[in-house]
Amino acid sequence: MRGKKLPGMYQGRQASSSLRYSNDLDCDTTYSAHHTILHIILFPQHPAGVTVAGSVTMATTVILGTGIIGTSTAYYLSKHQPASSIHLVEPSPELFASASGFAGGFLAKDWFSPASAELGALSFEEHRKLAEKEDGRNRWGYAASTSVSLSPPTDKKRVDVWCRVGASRAEAASGATTAGVAPEWLDGKGLVVEVISDEGTAAQVDPLQLSQFLLQKCLDAGVRLHHPAKAISIQTDVRNEVSSICIADTQSSTETDIPCTNIVIAAGAWSPQVFATLFPTSGFKLPVTSLAGHSLVVKSPKWTKEHEDQGCHAVFMESQPGYCPEIFSRVGGHIYVAGLNSATEPLPALATDSKSNISRPAIEKLRETAKKVLGEDEVEVVREALCFRPATDRGTPILGRIPDSCLGPATNTRPSPEGGVYLAAGHGPWGISMSLGTGKVMAEMIQGRGLSADVSGLGLDV
């Protein structure tokens, strides 16, 4: 019910309240259930823009989706405007319950086609700089990685449509292939091994730990988190320009209007549903689909601290059509196994609903692969997961402003940087790798600053 009064919350539509997330970021427990502690916190009301340095007005921005793309965008926005003017909204009861928490965490510098090449390189550099500044190795397992193929590709084509055609990401590697040997922790008997990445062009992270770190940095700066909550409508002013957004707390049923003129849709595979909810009279559908992927995190006595100190590995295998296993060794004694994907798995209403849809045959196939390469009796399964990644038919992400003509009749936005509805989604298997670059470029775009990468080929096709 709109305006229901809760402790620490103003009465009525003008309250701008938030549920703040906090946890102890215990890296040793991140593979178990995602535990969050929620507190109702009162924030002062502010208009749809705030004044910076006494003269420049920064528009309030609401980011829909608190995955790694949304949190990265909030993180970079907060460097150039008051963090209190930035809102994150997440409907899933558990944070990072899809790809941001369960993806592989492989980072590449130059495995991308021309349209996204600058974004990929920028993001790789941002990952490196952030890890150096914030002790990324210990906080989210950042480490240099070497990429090897156990089934060397014969065709060095670009694999931008990897998600759709089921190809191996190894086919996108840009480094000159050289003969190599299998990592010591891998059973490489009888296998032909090629190194497919140049030194310094691949790395590894734990995406859940990185996502948690970014969110905590945002909250510490003053970014407002609404969780669990969802955006249910937008309001316009007398000029038919977007002026506020209504957020519903899914636990208390309280609805809160947040004055804002910038909206960023960064809800991953759920982005089309978010757009359709906010702009029901629009005949436009966001061209973002979902790709389901099962994964395992395992431990093996073969992957030791001594191996970690020498660097991680990204191992790409070819097993059978539609199944190209990817095996990533990580700091902390864990090995990630994935590569079994489906474009037909129905997208659940919430990310947390994926747990009940985990396929036992898919998990068993991954377990068989793990045992094959790590040893029959030397694999301890730490976590099983199913996540949904956002994909596009063209194989590259969408970063840009959604034209007012797509929002529906009598719905407009203010000129940039005073307002706009933006989309940042569709990264396919590269969401973690491109996350920081995407957040940086989206923040620059929203704030009307110069862009750090050429993303002119990543706009929305309308």
# chains A, B, ... in the order shown; residues from 1 in each chain; ligands from 1

$ residues_around --residues "range 450-459 of chain A" --least-positions-apart "4" --cutoff "10 Å" --atoms "only C-alpha atoms" --output "list of chain:residue names"
A:Pro114, A:Ala115, A:Ser116, A:Ala117, A:Glu118, A:Leu119, A:Gly120, A:Ala121, A:Leu122, A:Ser123, A:Arg394, A:Thr396, A:Pro397, A:Ile398, A:Leu399, A:Gly400, A:Arg401, A:Ile402, A:Leu423, A:Ala424, A:Gly437, A:Thr438, A:Lys440, A:Val441, A:Met442, A:Ala443, A:Glu444, A:Met445

$ write_last_selection --atoms "N, CA and C atoms" --output "compact mmCIF listing (two decimals), in the first residue's frame"
# COMPACT_ATOMS: atom_id res chain seq x y z
N PRO A 114 35.92 -5.55 -33.46
CA PRO A 114 36.15 -4.10 -33.47
C PRO A 114 35.12 -3.28 -32.70
N ALA A 115 33.85 -3.68 -32.72
CA ALA A 115 32.81 -2.88 -32.07
C ALA A 115 33.02 -2.77 -30.56
N SER A 116 33.55 -3.81 -29.95
CA SER A 116 33.73 -3.81 -28.50
C SER A 116 35.19 -3.90 -28.08
N ALA A 117 36.11 -3.76 -29.02
CA ALA A 117 37.54 -3.92 -28.71
C ALA A 117 38.03 -2.88 -27.72
N GLU A 118 37.68 -1.60 -27.92
CA GLU A 118 38.15 -0.56 -26.99
C GLU A 118 37.53 -0.73 -25.61
N LEU A 119 36.28 -1.14 -25.56
CA LEU A 119 35.63 -1.37 -24.27
C LEU A 119 36.31 -2.51 -23.53
N GLY A 120 36.63 -3.59 -24.25
CA GLY A 120 37.29 -4.73 -23.63
C GLY A 120 38.65 -4.37 -23.08
N ALA A 121 39.43 -3.61 -23.86
CA ALA A 121 40.77 -3.21 -23.41
C ALA A 121 40.70 -2.26 -22.22
N LEU A 122 39.77 -1.30 -22.28
CA LEU A 122 39.58 -0.37 -21.17
C LEU A 122 39.22 -1.11 -19.89
N SER A 123 38.29 -2.04 -20.01
CA SER A 123 37.83 -2.76 -18.82
C SER A 123 38.95 -3.60 -18.22
N ARG A 394 23.31 -10.00 -32.08
CA ARG A 394 24.51 -9.52 -32.76
C ARG A 394 25.78 -9.92 -32.02
N THR A 396 27.19 -8.65 -29.28
CA THR A 396 27.89 -7.61 -28.53
C THR A 396 26.91 -6.93 -27.58
N PRO A 397 27.41 -6.35 -26.50
CA PRO A 397 26.50 -5.70 -25.54
C PRO A 397 25.89 -4.43 -26.10
N ILE A 398 24.86 -3.97 -25.42
CA ILE A 398 24.21 -2.71 -25.78
C ILE A 398 24.52 -1.70 -24.69
N LEU A 399 25.17 -0.62 -25.07
CA LEU A 399 25.50 0.47 -24.15
C LEU A 399 25.02 1.76 -24.79
N GLY A 400 24.06 2.39 -24.18
CA GLY A 400 23.62 3.65 -24.76
C GLY A 400 22.28 4.11 -24.26
N ARG A 401 21.88 5.24 -24.79
CA ARG A 401 20.60 5.84 -24.43
C ARG A 401 19.49 5.24 -25.29
N ILE A 402 18.36 4.96 -24.66
CA ILE A 402 17.19 4.49 -25.39
C ILE A 402 16.46 5.72 -25.92
N LEU A 423 20.44 1.94 -21.37
CA LEU A 423 20.51 0.48 -21.29
C LEU A 423 21.97 0.04 -21.27
N ALA A 424 22.31 -0.87 -20.35
CA ALA A 424 23.63 -1.49 -20.29
C ALA A 424 23.42 -2.97 -20.02
N GLY A 437 34.77 -1.51 -17.36
CA GLY A 437 34.77 -0.60 -18.51
C GLY A 437 33.37 -0.11 -18.83
N THR A 438 32.39 -1.02 -18.74
CA THR A 438 31.01 -0.63 -18.98
C THR A 438 30.56 0.40 -17.96
N LYS A 440 32.35 2.49 -16.24
CA LYS A 440 33.06 3.76 -16.46
C LYS A 440 32.47 4.52 -17.64
N VAL A 441 32.25 3.83 -18.75
CA VAL A 441 31.71 4.49 -19.95
C VAL A 441 30.27 4.94 -19.73
N MET A 442 29.47 4.11 -19.07
CA MET A 442 28.08 4.50 -18.82
C MET A 442 28.03 5.72 -17.92
N ALA A 443 28.87 5.79 -16.91
CA ALA A 443 28.90 6.96 -16.03
C ALA A 443 29.28 8.20 -16.82
N GLU A 444 30.27 8.09 -17.68
CA GLU A 444 30.67 9.23 -18.51
C GLU A 444 29.56 9.66 -19.44
N MET A 445 28.87 8.70 -20.01
CA MET A 445 27.78 8.99 -20.93
C MET A 445 26.64 9.71 -20.21

$ residues_around --residues "Arg360 in chain A" --least-positions-apart "3" --cutoff "12 Å" --atoms "only C-alpha atoms" --output "list in words"
His294, Ser295, Leu296, Lys355, Ser356, Asn357, Ile363, Glu364, Lys365, Leu366, Arg367, Glu384, Ala385 and Leu386 of chain A

$ write_last_selection --atoms "C-alpha atoms" --output "short mmCIF file (atom, residue, chain, number, x, y, z; two decimals), in the first residue's frame"
data_model
loop_
_atom_site.label_atom_id
_atom_site.label_comp_id
_atom_site.auth_asym_id
_atom_site.auth_seq_id
_atom_site.Cartn_x
_atom_site.Cartn_y
_atom_site.Cartn_z
CA HIS A 294 25.26 -24.57 -15.41
CA SER A 295 28.50 -24.55 -13.47
CA LEU A 296 30.47 -26.24 -10.73
CA LYS A 355 18.05 -22.91 -7.84
CA SER A 356 14.98 -25.07 -8.32
CA ASN A 357 15.71 -25.40 -12.04
CA ILE A 363 25.52 -31.16 -13.36
CA GLU A 364 26.54 -34.79 -13.84
CA LYS A 365 28.04 -33.97 -17.24
CA LEU A 366 30.14 -31.24 -15.65
CA ARG A 367 31.17 -33.58 -12.84
CA GLU A 384 26.50 -26.22 -8.08
CA ALA A 385 24.78 -23.37 -9.88
CA LEU A 386 22.57 -22.26 -12.73
#

$ residues_around --residues "range 320-335 of chain A" --least-positions-apart "4" --cutoff "8 Å" --atoms "only C-alpha atoms" --output "ChimeraX atom specification"
/A:104,106,137,141-143,165-168,204-206,297-300,303-305,308,312-316,339-341,369

$ residues_around --residues "Thr392 in chain A" --least-positions-apart "2" --cutoff "6 Å" --atoms "only C-alpha atoms" --output "list in words"
Val288, Arg394, Gly395 and Gly426 of chain A

$ closest_residue --among "A:Gly136, A:Pro228, A:Gly283, A:Pro417" --to "Leu95 in chain A" --atoms "only C-alpha atoms"
A:Pro228
